[in-house]
Amino acid sequence: MSSIGTGYDLSASTFSPDGRVFQVEYAMKAVENSSTAIGIRCKDGVVFGVEKLVLSKLYEEGSNKRIFNIDRHIGMAVAGLLADARSLAEVAREEASNFRSNYGHDIPLKHLSDRVAMYVHAYTLYSAVRPFGCSFILGSYDKDDGSQLYMVDPSGISYMKDMTCRELVKEVAKIIYIVHDEVKDKAFELELSWVGEVTNGRHELVPKDVREEAEKYAKDSLEEEDDSDEDNM
Amino acid sequence: MRGQPLLSPVIHREKMAAAPVMMPYFGQQISSKSDLVPDWTRQEVSTGTTIMAVEYDGGVVIGADSRTTTGAYIANRVTDKLTRIHDKIYCCRSGSAADTQAIAEVVAYQLGFHSIELDEPPLVETAANLFRASCYRYREELTAGILVAGWDKRKGGQVYSVPIGGMLVRQPVSVGGSGSTYIYGFMDANYKPGMNKEQCMEITAAALSLAMERDGSSGGVVRLASISEEGVERRVILGNQLPKFSTH
């Protein structure tokens with residue numbers, strides 16, 4: 001649903017007559033128009049997948065990362081304006097680092113998520129700044145609290161996601177490939193990362209061989225679906 | 001002067017450390033020309049002390065004597081040096097009474113706020129780090145030797161030592177205060193890992209009694225507490241009920 005708020009959408013410090021802040025809604029559009037980022041949580045870990053649209057053949061593989069390490073045990077996948085996302089990743093890193101310095105242990109994900117969400121929300125209050133045009137998914141795993149997943153959007157809400165999956169990495173790859181099919185751009189690079197028991201609680205990019213296996217699985221399942229379409233003809 | 005190994009007597013020109021010291025505590029010594037007030041009013045109030053904390057499987061036992069002195073005068077003979085920081089986190093205070101009370105109040109506030117933010121009970125390690133942060137940052141102004149002990153659901157019973165200077169180290173057993181020098185040998189000989197709660201209580205009471213018998217700055221009653229998942233249980237052992245080691 002898109003409606004233009006003439007006159008009430010010029011700054012984030014203005015409400016519309018029906019109680020909306022249009023600048024925040026426009027910021028969320030920047031996220032909607034971006035390519036996909038997925039985070040899925042399972043019993044013993046979290047997997048992130050990002051569809052990185054390759055804008056030029058000159059780009060090296062692995063450049064323009066959209067998955068960040070916030071702390072050893074926390075990863076962040078982003079969608080929306082990459083520059084905004086990078087600056088928020090830096091904010092998240094400082095929060096996590098200050099927490100460790102003050103309290104002597106890893107920051108709990110819920111706390112980090114709340115703190116970053118508060119920061120994002122602050123930018124929706126004033127006309128002198130614009131809201132952040134990105135949403136992000138934070139995920140972590142540790143042996144005491146298990147796997148956790150949180151999402152933050154431009155309005156500054158943070159909420160917990162709860163899905164389970166088995167062959168997680170392959171499924172994430174498959175989802176990205178399926179979703180990509182609907183978009184017009186052809187070239188994309190699949191970025192995958194995970195944190196869980198398999199990595200001893202450290203957030204890391206998925207190793208090359210695992211990624212290639214997942215991509216193969218994704219491509220194979222897509223071909224199967226194509227075949228079944230043809231049979232119906 | 002700074003940077004000496006923690007167990008060697010750290011002696012400033014004017015202030016006496018509350019860590020292992022063989023001499024009685026003197027406090028700030030302003031020019032002694034004034035006869036208008038007695039000496040003891042110009043002495044700093046000290047918890048010249050013996051304190052102790054022991055980990056066992058499922059919790060901790062903490063203990064302290066009950067003497068607070070200003071010079072040679074016992075200002076309070078029934079002091080409670082086992083101070084609550086949070087529901088299941090306590091600290092044992094030695095050194096300057098004012099300094100340790102002030103630090104404990106600050107840490108209790110910080111920890112309470114932190115616990116509300118996190119919406120779960122705080123970790124003992126967090127409390128110990130908060131003590132360390134204050135004791136290290138203001139190390140030049142403070143005289144405080146603190147044992148932080150408690151129970152949390154991640155690591156169970158834990159004892160952390162924050163001596164003068166602001167070091168932080170976790171230990172299964174720790175003793176502190178001026179009276180602790182007399183019982184290092186006793187602890188080395190008698191502490192065994194894997195003791196249960198009652199055994200820990202007994203060894204703590206025995207060690208404190210021995211120290212109180214020898215250290216002039218320690219005495220009064222023995223205060224004990226045990227902290228576990230079930231909660232906090234406090235005991236007092238009065239003078240005539242203390243374990244006796246003298247042969248005459």
# chains A, B, ... in the order shown; residues from 1 in each chain; ligands from 1

call {"tool": "closest_atom_pairs", "arguments": {"of": "chain A", "to": "chain B", "cutoff": "12 Å", "atoms": "only C-alpha atoms", "output": "JSON lines"}}
result
{"residue": "A:Phe99", "atom": "CA", "partner": "B:Thr126", "partner_atom": "CA", "distance": 10.3}
{"residue": "A:Arg100", "atom": "CA", "partner": "B:Thr126", "partner_atom": "CA", "distance": 9.6}
{"residue": "A:Ser101", "atom": "CA", "partner": "B:Asn129", "partner_atom": "CA", "distance": 8.9}
{"residue": "A:Asn102", "atom": "CA", "partner": "B:Leu130", "partner_atom": "CA", "distance": 7.0}
{"residue": "A:Tyr103", "atom": "CA", "partner": "B:Thr126", "partner_atom": "CA", "distance": 4.9}
{"residue": "A:Gly104", "atom": "CA", "partner": "B:Asn129", "partner_atom": "CA", "distance": 5.9}
{"residue": "A:His105", "atom": "CA", "partner": "B:Thr126", "partner_atom": "CA", "distance": 7.3}
{"residue": "A:Asp106", "atom": "CA", "partner": "B:Thr126", "partner_atom": "CA", "distance": 10.5}
{"residue": "A:Ile107", "atom": "CA", "partner": "B:Leu118", "partner_atom": "CA", "distance": 9.8}
{"residue": "A:Pro108", "atom": "CA", "partner": "B:Leu118", "partner_atom": "CA", "distance": 8.0}
{"residue": "A:Leu109", "atom": "CA", "partner": "B:Leu118", "partner_atom": "CA", "distance": 10.0}
{"residue": "A:Lys110", "atom": "CA", "partner": "B:Leu118", "partner_atom": "CA", "distance": 7.9}
{"residue": "A:His111", "atom": "CA", "partner": "B:Leu118", "partner_atom": "CA", "distance": 6.2}
{"residue": "A:Leu112", "atom": "CA", "partner": "B:Leu118", "partner_atom": "CA", "distance": 9.9}
{"residue": "A:Ser113", "atom": "CA", "partner": "B:Leu118", "partner_atom": "CA", "distance": 11.4}
{"residue": "A:Asp114", "atom": "CA", "partner": "B:Glu117", "partner_atom": "CA", "distance": 9.5}
{"residue": "A:Arg115", "atom": "CA", "partner": "B:Glu117", "partner_atom": "CA", "distance": 10.2}
{"residue": "A:Asp142", "atom": "CA", "partner": "B:Arg154", "partner_atom": "CA", "distance": 11.5}
{"residue": "A:Lys143", "atom": "CA", "partner": "B:Arg154", "partner_atom": "CA", "distance": 9.9}
{"residue": "A:Asp144", "atom": "CA", "partner": "B:Arg154", "partner_atom": "CA", "distance": 7.0}
{"residue": "A:Asp145", "atom": "CA", "partner": "B:Arg154", "partner_atom": "CA", "distance": 9.7}

call {"tool": "write_last_selection", "arguments": {"atoms": "N, CA and C atoms", "output": "compact mmCIF listing (two decimals), in the first residue's frame"}}
result
# COMPACT_ATOMS: atom_id res chain seq x y z
N PHE A 99 30.11 -2.97 26.51
CA PHE A 99 29.48 -3.86 27.48
C PHE A 99 30.51 -4.80 28.08
N ARG A 100 31.32 -5.38 27.20
CA ARG A 100 32.33 -6.32 27.68
C ARG A 100 33.32 -5.62 28.60
N SER A 101 33.67 -4.39 28.25
CA SER A 101 34.63 -3.64 29.06
C SER A 101 34.05 -3.30 30.42
N ASN A 102 32.75 -2.98 30.49
CA ASN A 102 32.15 -2.62 31.78
C ASN A 102 31.81 -3.82 32.63
N TYR A 103 31.28 -4.88 32.01
CA TYR A 103 30.69 -5.96 32.80
C TYR A 103 31.46 -7.27 32.73
N GLY A 104 32.43 -7.35 31.86
CA GLY A 104 33.31 -8.52 31.90
C GLY A 104 32.83 -9.76 31.18
N HIS A 105 31.69 -9.68 30.45
CA HIS A 105 31.31 -10.87 29.68
C HIS A 105 30.60 -10.47 28.39
N ASP A 106 30.30 -11.46 27.53
CA ASP A 106 29.67 -11.19 26.22
C ASP A 106 28.33 -10.50 26.41
N ILE A 107 28.01 -9.60 25.52
CA ILE A 107 26.72 -8.92 25.61
C ILE A 107 25.60 -9.88 25.21
N PRO A 108 24.52 -9.98 26.00
CA PRO A 108 23.38 -10.81 25.59
C PRO A 108 22.72 -10.19 24.37
N LEU A 109 22.24 -11.04 23.44
CA LEU A 109 21.75 -10.52 22.17
C LEU A 109 20.55 -9.59 22.35
N LYS A 110 19.68 -9.95 23.28
CA LYS A 110 18.48 -9.12 23.49
C LYS A 110 18.88 -7.70 23.88
N HIS A 111 19.89 -7.59 24.74
CA HIS A 111 20.34 -6.28 25.20
C HIS A 111 20.93 -5.48 24.06
N LEU A 112 21.78 -6.14 23.25
CA LEU A 112 22.38 -5.45 22.11
C LEU A 112 21.30 -4.98 21.16
N SER A 113 20.36 -5.87 20.89
CA SER A 113 19.28 -5.54 19.97
C SER A 113 18.49 -4.33 20.47
N ASP A 114 18.19 -4.31 21.78
CA ASP A 114 17.47 -3.16 22.36
C ASP A 114 18.28 -1.88 22.21
N ARG A 115 19.58 -1.96 22.50
CA ARG A 115 20.41 -0.76 22.46
C ARG A 115 20.50 -0.20 21.05
N ASP A 142 25.02 -19.28 22.03
CA ASP A 142 25.97 -19.67 23.07
C ASP A 142 25.37 -20.83 23.84
N LYS A 143 26.21 -21.54 24.54
CA LYS A 143 25.72 -22.81 25.08
C LYS A 143 24.73 -22.63 26.22
N ASP A 144 24.72 -21.45 26.84
CA ASP A 144 23.76 -21.25 27.93
C ASP A 144 22.39 -20.83 27.43
N ASP A 145 22.35 -19.87 26.51
CA ASP A 145 21.06 -19.35 26.06
C ASP A 145 20.61 -19.94 24.74

call {"tool": "residues_around", "arguments": {"residues": "Ser94 (chain B)", "least_positions_apart": "6", "cutoff": "12 Å", "atoms": "only C-alpha atoms", "output": "JSON list (two decimals) with N, CA, C and O atoms, in the first residue's frame"}}
result
[["chain", "number", "residue", "atom", "x", "y", "z"],
["B", 17, "ALA", "N", 48.11, 0.11, 54.70],
["B", 17, "ALA", "CA", 47.26, -0.77, 53.91],
["B", 17, "ALA", "C", 46.52, -1.74, 54.80],
["B", 17, "ALA", "O", 46.98, -2.07, 55.88],
["B", 18, "ALA", "N", 45.40, -2.19, 54.36],
["B", 18, "ALA", "CA", 44.65, -3.17, 55.14],
["B", 18, "ALA", "C", 44.97, -4.58, 54.68],
["B", 18, "ALA", "O", 44.46, -5.53, 55.21],
["B", 19, "ALA", "N", 45.81, -4.73, 53.71],
["B", 19, "ALA", "CA", 46.24, -6.06, 53.25],
["B", 19, "ALA", "C", 47.19, -6.61, 54.31],
["B", 19, "ALA", "O", 47.50, -5.92, 55.26],
["B", 20, "PRO", "N", 47.66, -7.85, 54.17],
["B", 20, "PRO", "CA", 48.51, -8.46, 55.21],
["B", 20, "PRO", "C", 49.59, -7.52, 55.73],
["B", 20, "PRO", "O", 50.47, -7.12, 55.03],
["B", 45, "VAL", "N", 38.66, 5.14, 60.45],
["B", 45, "VAL", "CA", 37.93, 3.94, 60.86],
["B", 45, "VAL", "C", 38.28, 2.79, 59.91],
["B", 45, "VAL", "O", 38.17, 2.93, 58.70],
["B", 46, "SER", "N", 38.71, 1.67, 60.46],
["B", 46, "SER", "CA", 39.12, 0.58, 59.58],
["B", 46, "SER", "C", 38.41, -0.69, 59.95],
["B", 46, "SER", "O", 38.10, -0.95, 61.11],
["B", 47, "THR", "N", 38.09, -1.49, 58.90],
["B", 47, "THR", "CA", 37.65, -2.85, 59.17],
["B", 47, "THR", "C", 38.91, -3.69, 59.08],
["B", 47, "THR", "O", 39.20, -4.32, 58.10],
["B", 48, "GLY", "N", 39.82, -3.58, 60.18],
["B", 48, "GLY", "CA", 41.06, -4.33, 60.24],
["B", 48, "GLY", "C", 40.70, -5.73, 60.30],
["B", 48, "GLY", "O", 40.38, -6.15, 60.38],
["B", 49, "THR", "N", 40.54, -6.67, 59.92],
["B", 49, "THR", "CA", 39.55, -7.69, 59.64],
["B", 49, "THR", "C", 40.13, -9.05, 59.38],
["B", 49, "THR", "O", 41.30, -9.17, 59.07],
["B", 50, "THR", "N", 39.25, -10.06, 59.51],
["B", 50, "THR", "CA", 39.55, -11.28, 58.78],
["B", 50, "THR", "C", 38.30, -11.65, 57.98],
["B", 50, "THR", "O", 37.21, -11.70, 58.55],
["B", 51, "ILE", "N", 38.45, -11.85, 56.69],
["B", 51, "ILE", "CA", 37.32, -12.27, 55.86],
["B", 51, "ILE", "C", 37.71, -13.49, 55.04],
["B", 51, "ILE", "O", 38.90, -13.72, 54.77],
["B", 52, "MET", "N", 36.69, -14.24, 54.64],
["B", 52, "MET", "CA", 36.98, -15.49, 53.94],
["B", 52, "MET", "C", 35.81, -15.89, 53.07],
["B", 52, "MET", "O", 34.66, -15.62, 53.43],
["B", 63, "GLY", "N", 32.47, -15.72, 55.23],
["B", 63, "GLY", "CA", 32.55, -15.48, 56.66],
["B", 63, "GLY", "C", 33.40, -14.26, 56.96],
["B", 63, "GLY", "O", 34.25, -13.86, 56.16],
["B", 64, "ALA", "N", 33.15, -13.65, 58.13],
["B", 64, "ALA", "CA", 33.93, -12.49, 58.55],
["B", 64, "ALA", "C", 33.88, -12.36, 60.06],
["B", 64, "ALA", "O", 32.98, -12.89, 60.71],
["B", 65, "ASP", "N", 34.86, -11.60, 60.61],
["B", 65, "ASP", "CA", 34.78, -11.27, 62.03],
["B", 65, "ASP", "C", 33.87, -10.05, 62.16],
["B", 65, "ASP", "O", 33.21, -9.67, 61.20],
["B", 66, "SER", "N", 33.82, -9.42, 63.36],
["B", 66, "SER", "CA", 32.86, -8.33, 63.53],
["B", 66, "SER", "C", 33.48, -7.10, 64.20],
["B", 66, "SER", "O", 32.77, -6.34, 64.86],
["B", 67, "ARG", "N", 34.78, -6.89, 64.02],
["B", 67, "ARG", "CA", 35.43, -5.78, 64.73],
["B", 67, "ARG", "C", 35.73, -4.62, 63.78],
["B", 67, "ARG", "O", 36.35, -4.82, 62.73],
["B", 68, "THR", "N", 35.32, -3.40, 64.17],
["B", 68, "THR", "CA", 35.71, -2.19, 63.45],
["B", 68, "THR", "C", 36.47, -1.29, 64.42],
["B", 68, "THR", "O", 35.99, -1.04, 65.53],
["B", 69, "THR", "N", 37.66, -0.82, 64.02],
["B", 69, "THR", "CA", 38.49, -0.06, 64.95],
["B", 69, "THR", "C", 38.76, 1.36, 64.45],
["B", 69, "THR", "O", 38.84, 1.61, 63.24],
["B", 79, "THR", "N", 30.03, -5.64, 64.07],
["B", 79, "THR", "CA", 29.88, -5.20, 62.68],
["B", 79, "THR", "C", 29.42, -6.33, 61.78],
["B", 79, "THR", "O", 29.77, -7.49, 61.98],
["B", 80, "ASP", "N", 28.64, -5.95, 60.74],
["B", 80, "ASP", "CA", 28.29, -6.92, 59.70],
["B", 80, "ASP", "C", 29.10, -6.57, 58.45],
["B", 80, "ASP", "O", 28.79, -5.62, 57.74],
["B", 81, "LYS", "N", 30.14, -7.36, 58.22],
["B", 81, "LYS", "CA", 30.99, -7.07, 57.06],
["B", 81, "LYS", "C", 30.57, -7.86, 55.82],
["B", 81, "LYS", "O", 31.21, -7.75, 54.77],
["B", 82, "LEU", "N", 29.50, -8.64, 55.95],
["B", 82, "LEU", "CA", 29.00, -9.40, 54.80],
["B", 82, "LEU", "C", 27.85, -8.59, 54.22],
["B", 82, "LEU", "O", 26.75, -8.58, 54.77],
["B", 83, "THR", "N", 28.13, -7.92, 53.12],
["B", 83, "THR", "CA", 27.19, -6.92, 52.59],
["B", 83, "THR", "C", 26.49, -7.43, 51.35],
["B", 83, "THR", "O", 27.13, -7.93, 50.42],
["B", 100, "THR", "N", 34.91, 1.04, 51.71],
["B", 100, "THR", "CA", 34.24, -0.18, 51.27],
["B", 100, "THR", "C", 32.73, -0.03, 51.27],
["B", 100, "THR", "O", 32.04, -0.57, 50.40],
["B", 101, "GLN", "N", 32.21, 0.73, 52.23],
["B", 101, "GLN", "CA", 30.75, 0.94, 52.22],
["B", 101, "GLN", "C", 30.34, 1.72, 50.99],
["B", 101, "GLN", "O", 29.34, 1.41, 50.33],
["B", 103, "ILE", "N", 31.91, 2.02, 48.07],
["B", 103, "ILE", "CA", 32.05, 1.23, 46.84],
["B", 103, "ILE", "C", 30.91, 0.22, 46.74],
["B", 103, "ILE", "O", 30.32, 0.04, 45.66],
["B", 104, "ALA", "N", 30.61, -0.45, 47.86],
["B", 104, "ALA", "CA", 29.55, -1.47, 47.82],
["B", 104, "ALA", "C", 28.22, -0.85, 47.43],
["B", 104, "ALA", "O", 27.43, -1.44, 46.67],
["B", 142, "LEU", "N", 41.77, 4.95, 47.34],
["B", 142, "LEU", "CA", 41.01, 3.98, 48.12],
["B", 142, "LEU", "C", 41.90, 3.02, 48.90],
["B", 142, "LEU", "O", 43.02, 2.74, 48.51],
["B", 143, "THR", "N", 41.35, 2.52, 50.02],
["B", 143, "THR", "CA", 41.96, 1.37, 50.68],
["B", 143, "THR", "C", 40.85, 0.35, 50.86],
["B", 143, "THR", "O", 40.08, 0.41, 51.82],
["B", 144, "ALA", "N", 40.76, -0.58, 49.92],
["B", 144, "ALA", "CA", 39.66, -1.54, 49.99],
["B", 144, "ALA", "C", 40.11, -2.89, 49.49],
["B", 144, "ALA", "O", 40.61, -3.01, 48.37],
["B", 145, "GLY", "N", 39.94, -3.91, 50.32],
["B", 145, "GLY", "CA", 40.20, -5.28, 49.90],
["B", 145, "GLY", "C", 38.90, -6.05, 50.00],
["B", 145, "GLY", "O", 38.33, -6.15, 51.09],
["B", 146, "ILE", "N", 38.40, -6.51, 48.88],
["B", 146, "ILE", "CA", 37.03, -7.03, 48.85],
["B", 146, "ILE", "C", 36.99, -8.44, 48.27],
["B", 146, "ILE", "O", 37.70, -8.74, 47.32],
["B", 147, "LEU", "N", 36.16, -9.29, 48.88],
["B", 147, "LEU", "CA", 35.87, -10.60, 48.29],
["B", 147, "LEU", "C", 34.43, -10.58, 47.80],
["B", 147, "LEU", "O", 33.52, -10.27, 48.57],
["B", 148, "VAL", "N", 34.23, -10.89, 46.52],
["B", 148, "VAL", "CA", 32.88, -10.92, 45.94],
["B", 148, "VAL", "C", 32.49, -12.38, 45.79],
["B", 148, "VAL", "O", 33.23, -13.16, 45.18],
["B", 161, "SER", "N", 38.29, -12.41, 44.05],
["B", 161, "SER", "CA", 39.05, -11.59, 44.98],
["B", 161, "SER", "C", 39.43, -10.28, 44.29],
["B", 161, "SER", "O", 39.95, -10.29, 43.17],
["B", 162, "VAL", "N", 39.13, -9.14, 44.94],
["B", 162, "VAL", "CA", 39.53, -7.83, 44.43],
["B", 162, "VAL", "C", 40.35, -7.16, 45.52],
["B", 162, "VAL", "O", 39.82, -6.40, 46.34],
["B", 163, "PRO", "N", 41.66, -7.45, 45.57],
["B", 163, "PRO", "CA", 42.48, -6.88, 46.65],
["B", 163, "PRO", "C", 42.81, -5.41, 46.36],
["B", 163, "PRO", "O", 42.42, -4.86, 45.33],
["B", 164, "ILE", "N", 43.59, -4.81, 47.30],
["B", 164, "ILE", "CA", 44.02, -3.42, 47.12],
["B", 164, "ILE", "C", 44.76, -3.29, 45.81],
["B", 164, "ILE", "O", 45.58, -4.13, 45.47],
["B", 175, "VAL", "N", 41.10, -15.69, 51.31],
["B", 175, "VAL", "CA", 41.05, -15.04, 52.62],
["B", 175, "VAL", "C", 41.55, -13.62, 52.46],
["B", 175, "VAL", "O", 42.30, -13.32, 51.53],
["B", 176, "GLY", "N", 41.11, -12.72, 53.35],
["B", 176, "GLY", "CA", 41.54, -11.34, 53.21],
["B", 176, "GLY", "C", 41.52, -10.62, 54.54],
["B", 176, "GLY", "O", 41.05, -11.15, 55.55],
["B", 177, "GLY", "N", 42.07, -9.39, 54.53],
["B", 177, "GLY", "CA", 42.09, -8.59, 55.74],
["B", 177, "GLY", "C", 43.38, -8.82, 56.51],
["B", 177, "GLY", "O", 44.17, -9.71, 56.22],
["B", 178, "SER", "N", 43.56, -7.99, 57.57],
["B", 178, "SER", "CA", 44.81, -8.06, 58.31],
["B", 178, "SER", "C", 45.00, -9.40, 59.02],
["B", 178, "SER", "O", 46.11, -9.83, 59.24],
["B", 179, "GLY", "N", 43.91, -10.06, 59.38],
["B", 179, "GLY", "CA", 44.04, -11.33, 60.09],
["B", 179, "GLY", "C", 44.32, -12.52, 59.20],
["B", 179, "GLY", "O", 44.62, -13.62, 59.68],
["B", 180, "SER", "N", 44.26, -12.30, 57.89],
["B", 180, "SER", "CA", 44.38, -13.43, 56.98],
["B", 180, "SER", "C", 45.79, -14.01, 56.97],
["B", 180, "SER", "O", 45.97, -15.20, 56.69],
["B", 217, "SER", "N", 43.33, -6.68, 65.36],
["B", 217, "SER", "CA", 42.31, -5.91, 64.64],
["B", 217, "SER", "C", 41.10, -6.77, 64.26],
["B", 217, "SER", "O", 40.19, -6.27, 63.62],
["B", 218, "SER", "N", 41.11, -8.04, 64.64],
["B", 218, "SER", "CA", 39.96, -8.90, 64.33],
["B", 218, "SER", "C", 39.43, -9.46, 65.64],
["B", 218, "SER", "O", 40.21, -9.77, 66.55]]

call {"tool": "select_by_dssp", "arguments": {"residues": "region 120-190 of chain B", "states": "strand (DSSP E or B)", "output": "list in words"}}
result
Ala144, Gly145, Ile146, Leu147, Val148, Ala149, Gly150, Trp151, Asp152, Gly156, Gly157, Gln158, Val159, Tyr160, Ser161, Val162, Val169, Arg170, Val173, Ser174, Val175 and Gly176 of chain B

call {"tool": "write_last_selection", "arguments": {"atoms": "all heavy atoms", "output": "compact mmCIF listing (two decimals), in the first residue's frame"}}
result
# COMPACT_ATOMS: atom_id res chain seq x y z
N ALA B 144 40.76 -0.58 49.92
CA ALA B 144 39.66 -1.54 49.99
C ALA B 144 40.11 -2.89 49.49
O ALA B 144 40.61 -3.01 48.37
CB ALA B 144 38.48 -1.05 49.15
N GLY B 145 39.94 -3.91 50.32
CA GLY B 145 40.20 -5.28 49.90
C GLY B 145 38.90 -6.05 50.00
O GLY B 145 38.33 -6.15 51.09
N ILE B 146 38.40 -6.51 48.88
CA ILE B 146 37.03 -7.03 48.85
C ILE B 146 36.99 -8.44 48.27
O ILE B 146 37.70 -8.74 47.32
CB ILE B 146 36.14 -6.08 48.02
CG1 ILE B 146 36.06 -4.73 48.73
CG2 ILE B 146 34.75 -6.64 47.80
CD1 ILE B 146 35.33 -3.67 47.96
N LEU B 147 36.16 -9.29 48.88
CA LEU B 147 35.87 -10.60 48.29
C LEU B 147 34.43 -10.58 47.80
O LEU B 147 33.52 -10.27 48.57
CB LEU B 147 36.02 -11.72 49.34
CG LEU B 147 37.41 -11.92 49.93
CD1 LEU B 147 37.37 -13.02 50.99
CD2 LEU B 147 38.41 -12.30 48.85
N VAL B 148 34.23 -10.89 46.52
CA VAL B 148 32.88 -10.92 45.94
C VAL B 148 32.49 -12.38 45.79
O VAL B 148 33.23 -13.16 45.18
CB VAL B 148 32.86 -10.24 44.56
CG1 VAL B 148 31.43 -10.16 44.03
CG2 VAL B 148 33.48 -8.86 44.64
N ALA B 149 31.37 -12.78 46.36
CA ALA B 149 30.98 -14.19 46.28
C ALA B 149 29.49 -14.31 46.10
O ALA B 149 28.71 -13.49 46.61
CB ALA B 149 31.42 -14.93 47.55
N GLY B 150 29.06 -15.34 45.37
CA GLY B 150 27.63 -15.53 45.17
C GLY B 150 27.36 -16.71 44.28
O GLY B 150 28.25 -17.51 43.97
N TRP B 151 26.08 -16.80 43.87
CA TRP B 151 25.64 -17.90 43.01
C TRP B 151 24.90 -17.33 41.84
O TRP B 151 24.09 -16.41 41.97
CB TRP B 151 24.72 -18.83 43.82
CG TRP B 151 24.25 -20.01 43.00
CD1 TRP B 151 24.84 -21.23 42.91
CD2 TRP B 151 23.11 -20.06 42.13
NE1 TRP B 151 24.14 -22.03 42.05
CE2 TRP B 151 23.08 -21.36 41.55
CE3 TRP B 151 22.12 -19.15 41.78
CZ2 TRP B 151 22.10 -21.76 40.64
CZ3 TRP B 151 21.13 -19.54 40.87
CH2 TRP B 151 21.14 -20.84 40.31
N ASP B 152 25.19 -17.86 40.62
CA ASP B 152 24.33 -17.57 39.47
C ASP B 152 24.14 -18.85 38.68
O ASP B 152 24.85 -19.83 38.88
CB ASP B 152 24.91 -16.44 38.59
CG ASP B 152 26.24 -16.79 37.96
OD1 ASP B 152 26.41 -17.92 37.45
OD2 ASP B 152 27.13 -15.94 37.98
N GLY B 156 27.30 -21.34 38.70
CA GLY B 156 27.13 -21.84 40.06
C GLY B 156 27.80 -20.94 41.08
O GLY B 156 27.81 -19.72 40.94
N GLY B 157 28.38 -21.56 42.13
CA GLY B 157 29.02 -20.77 43.18
C GLY B 157 30.37 -20.25 42.72
O GLY B 157 31.15 -20.99 42.12
N GLN B 158 30.63 -18.96 42.96
CA GLN B 158 31.91 -18.39 42.55
C GLN B 158 32.44 -17.43 43.60
O GLN B 158 31.65 -16.73 44.25
CB GLN B 158 31.77 -17.59 41.25
CG GLN B 158 31.30 -18.39 40.07
CD GLN B 158 30.44 -17.56 39.15
OE1 GLN B 158 30.90 -16.68 38.46
NE2 GLN B 158 29.14 -17.83 39.18
N VAL B 159 33.77 -17.40 43.75
CA VAL B 159 34.44 -16.44 44.64
C VAL B 159 35.43 -15.65 43.81
O VAL B 159 36.26 -16.24 43.11
CB VAL B 159 35.18 -17.17 45.78
CG1 VAL B 159 36.08 -16.22 46.54
CG2 VAL B 159 34.19 -17.82 46.73
N TYR B 160 35.35 -14.33 43.87
CA TYR B 160 36.30 -13.46 43.18
C TYR B 160 36.98 -12.57 44.20
O TYR B 160 36.33 -12.02 45.08
CB TYR B 160 35.60 -12.58 42.14
CG TYR B 160 35.01 -13.35 40.98
CD1 TYR B 160 33.71 -13.85 41.07
CD2 TYR B 160 35.73 -13.58 39.83
CE1 TYR B 160 33.16 -14.57 40.02
CE2 TYR B 160 35.19 -14.30 38.77
CZ TYR B 160 33.90 -14.79 38.88
OH TYR B 160 33.36 -15.49 37.84
N SER B 161 38.29 -12.41 44.05
CA SER B 161 39.05 -11.59 44.98
C SER B 161 39.43 -10.28 44.29
O SER B 161 39.95 -10.29 43.17
CB SER B 161 40.31 -12.37 45.38
OG SER B 161 40.94 -11.75 46.44
N VAL B 162 39.13 -9.14 44.94
CA VAL B 162 39.53 -7.83 44.43
C VAL B 162 40.35 -7.16 45.52
O VAL B 162 39.82 -6.40 46.34
CB VAL B 162 38.31 -6.96 44.06
CG1 VAL B 162 38.76 -5.64 43.42
CG2 VAL B 162 37.39 -7.70 43.12
N VAL B 169 40.65 -11.68 40.40
CA VAL B 169 40.98 -13.08 40.13
C VAL B 169 39.94 -13.96 40.78
O VAL B 169 39.48 -13.70 41.89
CB VAL B 169 42.40 -13.43 40.62
CG1 VAL B 169 42.49 -13.43 42.14
CG2 VAL B 169 42.85 -14.77 40.08
N ARG B 170 39.55 -15.02 40.06
CA ARG B 170 38.61 -15.98 40.66
C ARG B 170 39.42 -17.05 41.37
O ARG B 170 40.43 -17.54 40.84
CB ARG B 170 37.74 -16.61 39.58
CG ARG B 170 36.76 -17.60 40.19
CD ARG B 170 35.87 -18.25 39.20
NE ARG B 170 35.08 -19.30 39.86
CZ ARG B 170 34.31 -20.16 39.23
NH1 ARG B 170 34.20 -20.10 37.92
NH2 ARG B 170 33.63 -21.07 39.90
N VAL B 173 39.06 -20.70 46.95
CA VAL B 173 39.05 -20.22 48.34
C VAL B 173 39.83 -18.93 48.39
O VAL B 173 40.87 -18.82 47.73
CB VAL B 173 39.79 -21.19 49.30
CG1 VAL B 173 39.52 -20.81 50.73
CG2 VAL B 173 39.39 -22.60 49.01
N SER B 174 39.37 -17.99 49.19
CA SER B 174 40.16 -16.77 49.35
C SER B 174 40.01 -16.25 50.77
O SER B 174 38.93 -16.34 51.36
CB SER B 174 39.71 -15.71 48.35
OG SER B 174 40.69 -14.72 48.21
N VAL B 175 41.10 -15.69 51.31
CA VAL B 175 41.05 -15.04 52.62
C VAL B 175 41.55 -13.62 52.46
O VAL B 175 42.30 -13.32 51.53
CB VAL B 175 41.89 -15.78 53.68
CG1 VAL B 175 41.35 -17.16 53.94
CG2 VAL B 175 43.34 -15.84 53.26
N GLY B 176 41.11 -12.72 53.35
CA GLY B 176 41.54 -11.34 53.21
C GLY B 176 41.52 -10.62 54.54
O GLY B 176 41.05 -11.15 55.55

call {"tool": "closest_residue", "arguments": {"among": "A:Lys29, A:His73, A:Arg211, A:Arg86", "to": "Gly49 (chain A)", "atoms": "only C-alpha atoms"}}
result
A:Arg211

call {"tool": "residues_around", "arguments": {"residues": "Pro154 (chain A)", "least_positions_apart": "3", "cutoff": "12 Å", "atoms": "only C-alpha atoms", "output": "VMD selection string"}}
result
chain A and resid 12 21 to 32 78 to 81 84 to 85 88 116 to 125 130 to 136 151 157 to 158
